[in-house]
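To be precise, the following lines are run_17.txt, and they hold compact mmCIF, C-alpha atoms.
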# COMPACT_ATOMS: atom_id res chain seq x y z
CA MET A 203 0.00 0.00 0.00
CA THR A 204 1.37 3.43 -0.90
CA VAL A 205 1.52 6.21 1.68
CA ARG A 206 1.42 9.96 1.17
CA CYS A 207 3.73 12.11 3.28
CA GLU A 208 2.04 15.40 4.16
CA LEU A 209 4.96 17.01 5.93
CA CYS A 210 6.18 19.26 3.13
CA PRO A 211 4.65 20.75 -0.01
CA LYS A 212 6.14 17.94 -2.10
CA PHE A 213 3.42 15.55 -0.81
CA CYS A 214 5.50 12.50 -1.80
CA VAL A 215 3.50 9.39 -2.64
CA ILE A 216 5.75 6.59 -1.44
CA GLU A 217 5.68 3.00 -2.66
CA PRO A 218 6.33 0.17 -0.15
CA GLY A 219 10.03 -0.07 0.71
CA GLN A 220 10.75 3.31 -0.91
CA SER A 221 11.48 6.71 0.61
CA GLY A 222 10.24 10.20 -0.13
CA GLU A 223 12.44 12.80 -1.80
CA CYS A 224 14.10 13.49 1.54
CA ARG A 225 15.44 9.88 1.63
CA ILE A 226 14.58 9.39 5.30
CA ARG A 227 10.78 9.10 5.38
CA VAL A 228 10.15 5.55 4.30
CA ASN A 229 7.08 3.41 3.59
CA VAL A 230 7.52 0.36 5.83
CA ASP A 231 4.65 -2.09 5.43
CA GLY A 232 2.22 0.68 4.56
CA LYS A 233 3.30 2.95 7.42
CA LEU A 234 5.27 6.17 7.09
CA CYS A 235 8.44 5.66 9.07
CA ALA A 236 11.09 8.21 10.15
CA VAL A 237 14.24 6.11 9.87
CA THR A 238 16.65 8.64 11.40
CA TYR A 239 14.56 9.26 14.54
CA GLY A 240 17.01 9.31 17.49
CA PHE A 241 20.04 8.90 15.22
CA PRO A 242 21.77 12.20 14.46
CA SER A 243 24.81 12.05 12.19
CA ALA A 244 26.24 15.34 13.42
CA VAL A 245 26.29 16.60 17.02
CA HIS A 246 28.39 19.62 17.95
CA VAL A 247 28.61 22.54 20.33
CA ASP A 248 28.69 25.72 18.22
CA PRO A 249 28.61 29.42 18.97
CA VAL A 250 25.05 30.65 18.40
CA GLU A 251 26.46 33.26 15.98
CA LYS A 252 27.37 30.41 13.60
CA LYS A 253 23.70 29.56 12.89
CA PRO A 254 23.71 32.61 12.16
CA LEU A 255 21.70 34.26 14.93
CA ASN A 256 22.82 37.71 16.06
CA HIS A 257 19.77 38.64 18.12
CA PHE A 258 19.46 35.49 20.20
CA LEU A 259 21.50 34.99 23.39
CA PRO A 260 24.74 36.41 21.94
CA GLY A 261 27.96 34.78 23.06
CA THR A 262 26.32 31.54 24.19
CA SER A 263 26.97 27.98 23.06
CA ILE A 264 24.28 26.00 21.30
CA TYR A 265 23.99 22.22 21.18
CA SER A 266 23.57 21.53 17.47
CA LEU A 267 22.48 18.38 15.75
CA ALA A 268 21.30 16.96 12.45
CA THR A 269 20.32 13.70 10.93
CA VAL A 270 21.00 12.98 7.26
CA GLY A 271 18.45 13.88 4.57
CA CYS A 272 16.83 16.98 3.10
CA ASN A 273 13.67 17.74 1.17
CA LEU A 274 15.49 20.27 -1.02
CA HIS A 275 18.29 19.45 -3.42
CA CYS A 276 20.09 22.76 -3.79
CA LYS A 277 22.85 22.59 -6.37
CA ASN A 278 24.97 24.84 -4.17
CA CYS A 279 24.48 22.91 -0.90
CA GLN A 280 27.38 23.46 1.50
CA ASN A 281 26.49 20.37 3.53
CA TRP A 282 25.62 18.00 0.71
CA GLU A 283 27.66 15.13 2.19
CA ILE A 284 25.04 14.77 4.93
CA SER A 285 21.98 16.42 3.37
CA GLN A 286 22.01 14.38 0.16
CA CYS A 287 23.13 11.13 1.76
CA ASN A 288 21.09 7.93 1.99
CA PRO A 289 20.68 6.82 5.61
CA GLU A 290 22.00 3.34 4.80
CA ASP A 291 25.28 4.96 3.65
CA ALA A 292 25.55 7.18 6.73
CA SER A 293 26.93 6.71 10.20
CA ALA A 294 24.99 8.05 13.14
CA MET A 295 24.97 8.20 16.93
CA ARG A 296 22.19 6.98 19.20
CA LEU A 297 20.72 10.03 20.96
CA PRO A 298 17.12 9.65 22.17
CA PRO A 299 15.20 12.89 22.88
CA ASP A 300 15.10 12.31 26.65
CA ARG A 301 18.93 12.16 26.81
CA LEU A 302 19.51 15.30 24.74
CA PRO A 303 18.72 18.06 27.30
CA GLN A 304 21.07 16.65 29.96
CA LEU A 305 23.89 16.41 27.42
CA ALA A 306 23.26 19.96 26.22
CA LYS A 307 23.32 21.26 29.78
CA ARG A 308 26.46 19.28 30.57
CA HIS A 309 28.18 21.09 27.68
CA GLY A 310 27.08 24.46 29.10
CA CYS A 311 24.55 25.17 26.34
CA LYS A 312 21.48 27.32 26.87
CA SER A 313 19.77 26.19 23.70
CA VAL A 314 19.51 23.40 21.15
CA ALA A 315 19.71 23.90 17.38
CA TYR A 316 18.19 21.60 14.79
CA THR A 317 20.44 22.50 11.91
CA TYR A 318 23.07 21.52 9.27
CA THR A 319 20.61 19.57 7.05
CA ASP A 320 16.95 20.54 7.38
CA PRO A 321 15.05 19.78 10.61
CA ILE A 322 11.84 19.67 8.60
CA VAL A 323 12.66 16.17 7.37
CA TYR A 324 13.55 14.79 10.80
CA TYR A 325 10.42 16.55 12.07
CA GLU A 326 9.23 14.03 14.67
CA TYR A 327 12.70 13.81 16.23
CA ALA A 328 13.13 17.60 16.30
CA LEU A 329 9.65 18.03 17.79
CA ASP A 330 10.17 15.46 20.57
CA CYS A 331 13.64 16.86 21.34
CA SER A 332 12.18 20.40 21.50
CA ILE A 333 9.52 19.31 23.97
CA LYS A 334 12.09 17.60 26.21
CA ALA A 335 14.51 20.55 25.93
CA ARG A 336 11.78 23.02 26.94
CA GLU A 337 10.92 20.89 29.97
CA LEU A 338 14.49 21.36 31.20
CA GLY A 339 14.57 25.11 30.56
CA LEU A 340 16.49 25.04 27.29
CA ARG A 341 15.52 27.12 24.24
CA ASN A 342 15.05 25.68 20.77
CA VAL A 343 16.35 26.98 17.45
CA LEU A 344 15.54 25.89 13.91
CA VAL A 345 17.91 26.50 11.04
CA THR A 346 15.82 25.69 8.04
CA ALA A 347 14.86 26.39 4.46
CA GLY A 348 11.26 26.57 5.67
CA TYR A 349 9.81 24.19 3.08
CA ILE A 350 7.05 22.71 5.23
CA ASN A 351 3.25 22.55 5.30
CA PRO A 352 1.33 24.85 7.68
CA ALA A 353 -0.10 22.27 10.12
CA PRO A 354 3.18 20.57 11.11
CA LEU A 355 4.90 23.95 11.18
CA ARG A 356 2.37 25.38 13.63
CA GLU A 357 2.81 22.37 15.91
CA LEU A 358 6.61 22.71 15.87
CA CYS A 359 6.56 26.49 16.37
CA LYS A 360 4.88 26.03 19.76
CA TYR A 361 8.25 24.83 21.07
CA VAL A 362 10.63 26.95 19.00
CA ASP A 363 12.16 30.18 20.31
CA ALA A 364 14.18 31.31 17.33
CA ALA A 365 14.71 30.35 13.72
CA ASN A 366 17.11 31.26 11.00
CA ILE A 367 15.13 30.74 7.85
CA ASP A 368 16.93 30.63 4.54
CA LEU A 369 15.18 32.75 1.94
CA LYS A 370 17.28 31.57 -0.97
CA ALA A 371 15.98 34.08 -3.51
CA PHE A 372 12.87 36.10 -4.14
CA SER A 373 12.14 34.13 -7.29
CA ASP A 374 10.08 31.02 -7.88
CA LYS A 375 12.21 30.27 -10.95
CA PHE A 376 15.34 30.18 -8.76
CA TYR A 377 13.66 27.84 -6.28
CA ARG A 378 12.54 25.50 -9.07
CA GLU A 379 15.82 25.45 -10.98
CA VAL A 380 18.36 25.52 -8.15
CA CYS A 381 16.57 23.93 -5.19
CA SER A 382 13.82 21.75 -6.72
CA ALA A 383 11.26 23.60 -4.60
CA THR A 384 8.94 26.61 -4.82
CA LEU A 385 8.98 30.04 -3.23
CA LYS A 386 5.48 30.50 -1.78
CA PRO A 387 5.61 27.86 1.00
CA VAL A 388 8.85 29.44 2.26
CA LEU A 389 7.24 32.88 2.43
CA ASP A 390 4.26 31.35 4.25
CA THR A 391 6.63 29.70 6.74
CA LEU A 392 8.35 33.02 7.46
CA VAL A 393 5.03 34.74 8.14
CA THR A 394 3.64 31.87 10.25
CA ALA A 395 6.78 31.55 12.37
CA ARG A 396 6.85 35.32 13.00
CA SER A 397 3.14 35.41 13.84
CA MET A 398 3.62 32.59 16.36
CA GLY A 399 6.20 34.57 18.30
CA VAL A 400 9.33 32.88 16.97
CA LEU A 401 12.33 35.22 16.68
CA VAL A 402 13.01 35.03 12.94
CA GLU A 403 16.32 35.94 11.32
CA VAL A 404 16.60 35.58 7.55
CA THR A 405 19.60 34.38 5.57
CA ASN A 406 20.04 35.10 1.88
CA LEU A 407 23.01 33.42 0.20
CA LEU A 408 24.09 35.60 -2.72
CA ILE A 409 25.17 33.52 -5.71
CA PRO A 410 26.86 35.44 -8.54
CA THR A 411 24.58 35.86 -11.60
CA LEU A 412 21.70 33.84 -10.07
CA ASN A 413 20.19 35.99 -7.32
CA ASP A 414 22.53 38.94 -6.80
CA GLY A 415 20.84 41.57 -8.98
CA ASP A 416 19.79 44.86 -7.39
CA THR A 417 16.12 44.22 -8.16
CA ASP A 418 16.23 40.70 -6.66
CA ILE A 419 17.74 42.03 -3.45
CA ARG A 420 15.42 45.04 -3.29
CA ASN A 421 12.28 42.91 -3.80
CA LEU A 422 13.40 40.51 -1.10
CA CYS A 423 14.11 43.31 1.38
CA ASN A 424 10.82 45.06 0.65
CA TRP A 425 8.91 41.83 1.20
CA ILE A 426 10.66 41.26 4.54
CA LYS A 427 9.92 44.79 5.68
CA ARG A 428 6.26 44.56 4.68
CA ASN A 429 5.56 41.07 6.02
CA LEU A 430 7.99 40.47 8.89
CA GLY A 431 8.84 43.98 10.00
CA ALA A 432 11.80 46.34 9.54
CA GLU A 433 13.37 45.03 12.76
CA THR A 434 13.86 41.51 11.28
CA PRO A 435 17.60 40.77 11.05
CA ILE A 436 18.87 39.73 7.62
CA HIS A 437 22.18 38.03 6.87
CA PHE A 438 23.62 38.26 3.38
CA SER A 439 25.89 35.31 3.10
CA ARG A 440 28.85 34.70 0.82
CA PHE A 441 28.60 31.80 -1.63
CA PHE A 442 31.49 29.40 -2.17
CA PRO A 443 31.51 26.97 -5.12
CA ARG A 444 30.33 23.61 -3.80
CA TYR A 445 28.53 20.41 -4.82
CA LYS A 446 26.96 20.88 -8.28
CA MET A 447 27.77 24.55 -8.54
CA ARG A 448 31.52 24.59 -8.79
CA HIS A 449 31.53 26.52 -12.05
CA LEU A 450 30.56 29.82 -10.39
CA PRO A 451 33.01 32.06 -8.51
CA SER A 452 32.65 32.99 -4.83
CA THR A 453 30.58 36.06 -4.13
CA PRO A 454 32.77 39.19 -4.29
CA PRO A 455 32.71 41.16 -1.01
CA GLU A 456 31.54 44.19 -3.05
CA THR A 457 28.29 42.35 -3.83
CA LEU A 458 27.67 41.80 -0.12
CA GLU A 459 28.35 45.46 0.57
CA ARG A 460 25.94 46.46 -2.23
CA ALA A 461 23.28 44.13 -0.80
CA ARG A 462 23.74 45.69 2.63
CA GLN A 463 23.30 49.16 1.20
CA ILE A 464 20.11 48.14 -0.64
CA ALA A 465 18.70 46.53 2.51
CA VAL A 466 19.45 49.60 4.62
CA ALA A 467 17.93 51.85 1.93
CA SER A 468 14.83 49.61 1.96
CA GLY A 469 14.43 50.37 5.65
CA LEU A 470 15.70 47.16 7.26
CA GLN A 471 17.28 47.93 10.61
CA HIS A 472 19.64 45.01 11.23
CA VAL A 473 21.64 44.01 8.16
CA TYR A 474 24.63 41.65 8.38
CA ALA A 475 27.10 40.04 6.01
CA GLY A 476 28.30 36.51 6.71
CA ASN A 477 31.04 34.10 5.53
CA VAL A 478 33.24 37.12 4.92
CA PHE A 479 35.45 39.51 6.84
CA MET A 480 34.08 43.04 6.39
CA ARG A 481 34.38 45.97 8.71
CA ASP A 482 31.27 46.46 10.86
CA ALA A 483 29.41 43.76 8.87
CA SER A 484 28.57 41.60 11.87
CA ASN A 485 28.17 44.28 14.53
CA THR A 486 24.75 45.15 15.96
CA ARG A 487 24.00 48.85 16.11
CA CYS A 488 21.07 50.76 17.53
CA PRO A 489 18.66 51.58 14.69
CA SER A 490 17.85 54.93 16.32
CA CYS A 491 21.18 56.42 17.40
CA HIS A 492 23.66 54.01 15.69
CA GLU A 493 25.41 53.26 18.97
CA LEU A 494 27.53 50.08 18.79
CA LEU A 495 25.63 47.47 20.80
CA VAL A 496 27.27 44.12 20.08
CA GLU A 497 30.73 44.02 18.56
CA ARG A 498 31.71 40.79 16.80
CA VAL A 499 34.68 39.40 14.96
CA GLY A 500 33.67 36.23 13.19
CA TYR A 501 31.67 34.25 15.75
CA ARG A 502 33.39 35.93 18.70
CA ILE A 503 31.78 38.64 20.80
CA LEU A 504 34.23 41.41 21.65
CA ALA A 505 31.74 43.60 23.51
CA ASN A 506 28.08 43.40 24.46
CA ASN A 507 26.91 46.85 25.50
CA LEU A 508 23.19 46.05 25.62
CA ASP A 509 21.52 47.06 28.84
CA ASP A 510 18.64 44.67 29.51
CA GLY A 511 17.95 44.44 25.77
CA LYS A 512 18.04 48.22 25.38
CA CYS A 513 20.45 50.68 23.80
CA PRO A 514 22.53 52.15 26.68
CA LYS A 515 22.54 55.57 24.98
CA CYS A 516 18.97 56.23 23.76
CA ARG A 517 17.16 53.41 25.69
CA LYS A 518 15.54 52.03 22.55
CA GLU A 519 14.43 48.43 22.98
CA ILE A 520 16.33 46.21 20.54
CA HIS A 521 14.51 43.38 18.79
CA GLY A 522 15.75 40.02 20.03
CA VAL A 523 16.04 37.49 22.86
CA TRP A 524 18.88 38.73 25.01
CA LYS A 525 18.59 36.67 28.21
CA MET B 1379 -45.54 59.40 1.98
CA PRO B 1380 -43.45 59.56 -1.24
CA LYS B 1381 -45.13 58.28 -4.33
CA VAL B 1382 -43.72 55.09 -5.86
CA GLN B 1383 -42.61 55.77 -9.42
CA GLU B 1384 -42.96 53.26 -12.23
CA GLY B 1385 -39.13 53.14 -12.66
CA ASP B 1386 -38.70 52.17 -8.98
CA THR B 1387 -40.84 49.04 -9.24
CA ARG B 1388 -39.05 48.08 -12.44
CA ARG B 1389 -35.72 48.25 -10.54
CA MET B 1390 -37.13 46.02 -7.75
CA GLU B 1391 -38.61 43.28 -9.90
CA MET B 1392 -36.84 39.93 -10.27
CA THR B 1393 -35.93 39.38 -13.89
CA ARG B 1394 -34.53 36.17 -15.31
CA ARG B 1395 -31.16 37.87 -15.75
CA ARG B 1396 -31.11 39.11 -12.14
CA PHE B 1397 -32.13 35.68 -10.82
CA GLY B 1398 -29.33 34.05 -12.85
CA ALA B 1399 -26.79 36.51 -11.48
CA LEU B 1400 -27.94 35.89 -7.89
CA LEU B 1401 -27.78 32.14 -8.42
CA ALA B 1402 -24.24 32.38 -9.84
CA ALA B 1403 -23.09 34.65 -7.00
CA SER B 1404 -24.45 32.32 -4.32
CA GLY B 1405 -22.84 29.36 -6.10
CA ILE B 1406 -19.44 31.09 -6.10
CA ALA B 1407 -19.81 32.03 -2.40
CA CYS B 1408 -20.66 28.43 -1.47
CA ALA B 1409 -17.74 27.05 -3.49
CA ALA B 1410 -15.30 29.49 -1.87
CA GLY B 1411 -16.53 28.58 1.62
CA PHE B 1412 -16.38 24.88 0.85
CA ARG B 1413 -12.83 25.23 -0.46
CA ARG B 1414 -11.79 27.01 2.73
CA VAL B 1415 -13.34 24.31 4.93
CA VAL B 1416 -11.63 21.58 2.88
CA SER B 1417 -8.24 23.31 3.08
CA ASN B 1418 -8.58 23.74 6.87
CA VAL B 1419 -9.47 20.08 7.30
CA ARG B 1420 -6.58 19.06 5.04
CA ASP B 1421 -4.20 21.32 7.02
CA ALA B 1422 -5.17 19.78 10.32
CA ARG B 1423 -4.87 16.22 9.02
CA PHE B 1424 -1.08 15.89 9.26
CA VAL B 1425 -0.09 12.38 10.30
CA ARG B 1426 3.21 11.90 12.12
CA ALA B 1427 5.64 9.28 10.91
CA VAL B 1428 6.37 6.41 13.27
CA ARG B 1429 9.91 6.01 14.54
CA ALA B 1430 12.14 3.24 13.26
CA CYS B 1431 13.61 0.79 15.74
CA VAL B 1432 16.90 0.40 13.92
CA PHE B 1433 19.02 2.84 11.98
CA PRO B 1434 19.67 1.54 8.46
CA GLY B 1435 23.28 2.78 8.38
CA SER B 1436 26.11 2.22 10.83
CA VAL B 1437 25.90 3.40 14.44
CA ARG B 1438 28.92 4.86 16.22
CA PRO B 1439 29.25 5.97 19.86
CA LEU B 1440 28.63 9.59 20.78
CA ASP B 1441 32.15 10.99 21.12
CA LYS B 1442 32.43 13.84 23.65
CA THR B 1443 35.59 15.30 22.09
CA GLU B 1444 33.92 15.38 18.66
CA VAL B 1445 30.83 17.05 20.15
CA ASP B 1446 32.91 19.71 21.87
CA LYS B 1447 34.43 20.89 18.59
CA PRO B 1448 32.50 23.42 16.48
CA SER B 1449 31.28 21.58 13.42
CA LYS B 1450 32.69 21.76 9.92
CA TRP B 1451 29.12 22.00 8.60
CA ALA B 1452 27.48 25.26 7.64
CA GLY B 1453 24.65 26.40 9.91
Target encoding structure tokens, full file:
Amino acid sequence: MTVRCELCPKFCVIEPGQSGECRIRVNVDGKLCAVTYGFPSAVHVDPVEKKPLNHFLPGTSIYSLATVGCNLHCKNCQNWEISQCNPEDASAMRLPPDRLPQLAKRHGCKSVAYTYTDPIVYYEYALDCSIKARELGLRNVLVTAGYINPAPLRELCKYVDAANIDLKAFSDKFYREVCSATLKPVLDTLVTARSMGVLVEVTNLLIPTLNDGDTDIRNLCNWIKRNLGAETPIHFSRFFPRYKMRHLPSTPPETLERARQIAVASGLQHVYAGNVFMRDASNTRCPSCHELLVERVGYRILANNLDDGKCPKCRKEIHGVWK
Amino acid sequence: MPKVQEGDTRRMEMTRRRFGALLAASGIACAAGFRRVVSNVRDARFVRAVRACVFPGSVRPLDKTEVDKPSKWAG
């Protein structure tokens, strides 16, 4: 008997013994089975700035994990060795959800990130881990492409504190040709997550010639401002040739600077550049008086001048989760 | 009391054309409502996958020194 997976907008119809497009949701005797549940292939303690999240508990460590598999197949994937890997070819560790919070706390982490591949595909595991983590006072973070249906997303968002959602381009054509997905469900995810009180930061990876035009960037920024708010942090990230997109050069730093200028001109208040060393590109400044609030070099915090989430100079409340 | 003009009654009467338009409008309204109900039901109908008892690949022990290192993966 075939089964239909209703987790993501691909609605895979799966034959017995086969998996969906994500490779890890399998039809076992007519039942949809999550074969990586409790078996992450990557577990690490990262700085929260690496996700990237600049407005969520700066300077803290985050317990980060991923199982193999992904529902997108981006030609530029940086983590394709685990995201596009069949579970039978992978090695994993046994980590049941009830063991996770103790381990995270033992490593001095204040939060747990479901990251590296896409937590959407190991949904049940991420959800159960989030519930257990919350019970022990830990926060939960999703790092995702946001390609998920509304009902499972709403259920997951109840336990999620922050998310970095990858908005890969403001073009359906780009999503279809580069990621084998579509744009609209991602936009819906961004709006739903924000409306459910999740701190949303957006990442846009700029790939030369594919999504780095002024109009592309301007449209994306305008949409964010209109639908998520001007205070939503955005990270323009530098592309490096990887996986099936080795023929394109890395993003020039000038492109990232141009994107930052467009975003600021569009009215976005917190604009960052990632995967690159640029002066002031990862610092947080007050949108009212431009006072330096959080000074960063790479993933390191050099100074955190925030006073109870407010600018010490003009007392403006800064968007984010600071404690 | 104002006098009812002949034009007024003509505007109030139900013609075949007006009846057809009303019928079409109510049909469209019903279809839109039905579609919304169906989409809400479909939204709420998400079925969770069951967990597998065994991992199909190889299983290695959780290594504390590996966990302590920041990962090589993006994100």
Find the smallest box with edges along x, y and z containing every listed atom of range 1396-1399 of chain B, then add 8 Å on each side and report centre and edge lengths in Å to one decimal, as AutoDock Vina command-line options.
--center_x -29.5 --center_y 36.6 --center_z -11.8 --size_x 21.3 --size_y 21.1 --size_z 18.0
Problem - Close residues, range 1440-1444 of chain B itself excluded, 9 Å, all atoms listed in the file, min 6 positions apart in chain, as a count of residues only - result: 6
Ref. answer, residues at most 10 Å from (12.7, 10.4, 26.1) with all atoms listed in the file, as a PDB file with C-alpha atoms, keeping the file's coordinate frame:
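Result file follows (part13.pdb):
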ATOM      1  CA  GLY A 240      17.010   9.310  17.490  1.00  0.00           C
ATOM      2  CA  LEU A 297      20.720  10.030  20.960  1.00  0.00           C
ATOM      3  CA  PRO A 298      17.120   9.650  22.170  1.00  0.00           C
ATOM      4  CA  PRO A 299      15.200  12.890  22.880  1.00  0.00           C
ATOM      5  CA  ASP A 300      15.100  12.310  26.650  1.00  0.00           C
ATOM      6  CA  ARG A 301      18.930  12.160  26.810  1.00  0.00           C
ATOM      7  CA  LEU A 302      19.510  15.300  24.740  1.00  0.00           C
ATOM      8  CA  PRO A 303      18.720  18.060  27.300  1.00  0.00           C
ATOM      9  CA  ASP A 330      10.170  15.460  20.570  1.00  0.00           C
ATOM     10  CA  CYS A 331      13.640  16.860  21.340  1.00  0.00           C
ATOM     11  CA  ILE A 333       9.520  19.310  23.970  1.00  0.00           C
ATOM     12  CA  LYS A 334      12.090  17.600  26.210  1.00  0.00           C
TER      13      LYS A 334
END
Counting all atoms listed in the file, which residues in chain B sit no more than 12 Å from chain A? For each one, give the nearest pair of atoms and the distance in Å, sorted by chain then residue number, as JSON lines.
{"residue": "B:Ser1417", "atom": "CA", "partner": "A:Pro352", "partner_atom": "CA", "distance": 10.7}
{"residue": "B:Asn1418", "atom": "CA", "partner": "A:Ala353", "partner_atom": "CA", "distance": 9.2}
{"residue": "B:Val1419", "atom": "CA", "partner": "A:Ala353", "partner_atom": "CA", "distance": 10.0}
{"residue": "B:Arg1420", "atom": "CA", "partner": "A:Ala353", "partner_atom": "CA", "distance": 8.8}
{"residue": "B:Asp1421", "atom": "CA", "partner": "A:Ala353", "partner_atom": "CA", "distance": 5.2}
{"residue": "B:Ala1422", "atom": "CA", "partner": "A:Ala353", "partner_atom": "CA", "distance": 5.7}
{"residue": "B:Arg1423", "atom": "CA", "partner": "A:Ala353", "partner_atom": "CA", "distance": 7.8}
{"residue": "B:Phe1424", "atom": "CA", "partner": "A:Glu208", "partner_atom": "CA", "distance": 6.0}
{"residue": "B:Val1425", "atom": "CA", "partner": "A:Glu208", "partner_atom": "CA", "distance": 7.2}
{"residue": "B:Arg1426", "atom": "CA", "partner": "A:Glu326", "partner_atom": "CA", "distance": 6.9}
{"residue": "B:Ala1427", "atom": "CA", "partner": "A:Cys235", "partner_atom": "CA", "distance": 4.9}
{"residue": "B:Val1428", "atom": "CA", "partner": "A:Cys235", "partner_atom": "CA", "distance": 4.7}
{"residue": "B:Arg1429", "atom": "CA", "partner": "A:Ala236", "partner_atom": "CA", "distance": 5.1}
{"residue": "B:Ala1430", "atom": "CA", "partner": "A:Val237", "partner_atom": "CA", "distance": 4.9}
{"residue": "B:Cys1431", "atom": "CA", "partner": "A:Val237", "partner_atom": "CA", "distance": 7.9}
{"residue": "B:Val1432", "atom": "CA", "partner": "A:Val237", "partner_atom": "CA", "distance": 7.5}
{"residue": "B:Phe1433", "atom": "CA", "partner": "A:Val237", "partner_atom": "CA", "distance": 6.2}
{"residue": "B:Pro1434", "atom": "CA", "partner": "A:Glu290", "partner_atom": "CA", "distance": 4.7}
{"residue": "B:Gly1435", "atom": "CA", "partner": "A:Glu290", "partner_atom": "CA", "distance": 3.8}
{"residue": "B:Ser1436", "atom": "CA", "partner": "A:Ser293", "partner_atom": "CA", "distance": 4.6}
{"residue": "B:Val1437", "atom": "CA", "partner": "A:Ala294", "partner_atom": "CA", "distance": 4.9}
{"residue": "B:Arg1438", "atom": "CA", "partner": "A:Met295", "partner_atom": "CA", "distance": 5.2}
{"residue": "B:Pro1439", "atom": "CA", "partner": "A:Met295", "partner_atom": "CA", "distance": 5.6}
{"residue": "B:Leu1440", "atom": "CA", "partner": "A:Met295", "partner_atom": "CA", "distance": 5.5}
{"residue": "B:Asp1441", "atom": "CA", "partner": "A:Met295", "partner_atom": "CA", "distance": 8.8}
{"residue": "B:Lys1442", "atom": "CA", "partner": "A:His246", "partner_atom": "CA", "distance": 9.1}
{"residue": "B:Thr1443", "atom": "CA", "partner": "A:His246", "partner_atom": "CA", "distance": 9.4}
{"residue": "B:Glu1444", "atom": "CA", "partner": "A:His246", "partner_atom": "CA", "distance": 7.0}
{"residue": "B:Val1445", "atom": "CA", "partner": "A:His246", "partner_atom": "CA", "distance": 4.2}
{"residue": "B:Asp1446", "atom": "CA", "partner": "A:Val247", "partner_atom": "CA", "distance": 5.4}
{"residue": "B:Lys1447", "atom": "CA", "partner": "A:His246", "partner_atom": "CA", "distance": 6.2}
{"residue": "B:Pro1448", "atom": "CA", "partner": "A:Asp248", "partner_atom": "CA", "distance": 4.8}
{"residue": "B:Ser1449", "atom": "CA", "partner": "A:His246", "partner_atom": "CA", "distance": 5.7}
{"residue": "B:Lys1450", "atom": "CA", "partner": "A:Asn281", "partner_atom": "CA", "distance": 9.0}
{"residue": "B:Trp1451", "atom": "CA", "partner": "A:Asn281", "partner_atom": "CA", "distance": 5.9}
{"residue": "B:Ala1452", "atom": "CA", "partner": "A:Tyr318", "partner_atom": "CA", "distance": 6.0}
{"residue": "B:Gly1453", "atom": "CA", "partner": "A:Lys253", "partner_atom": "CA", "distance": 4.4}
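Reported to one decimal place, the separation of CA of Leu385 in chain A from CA of Ile464 in chain A is 21.4 Å.
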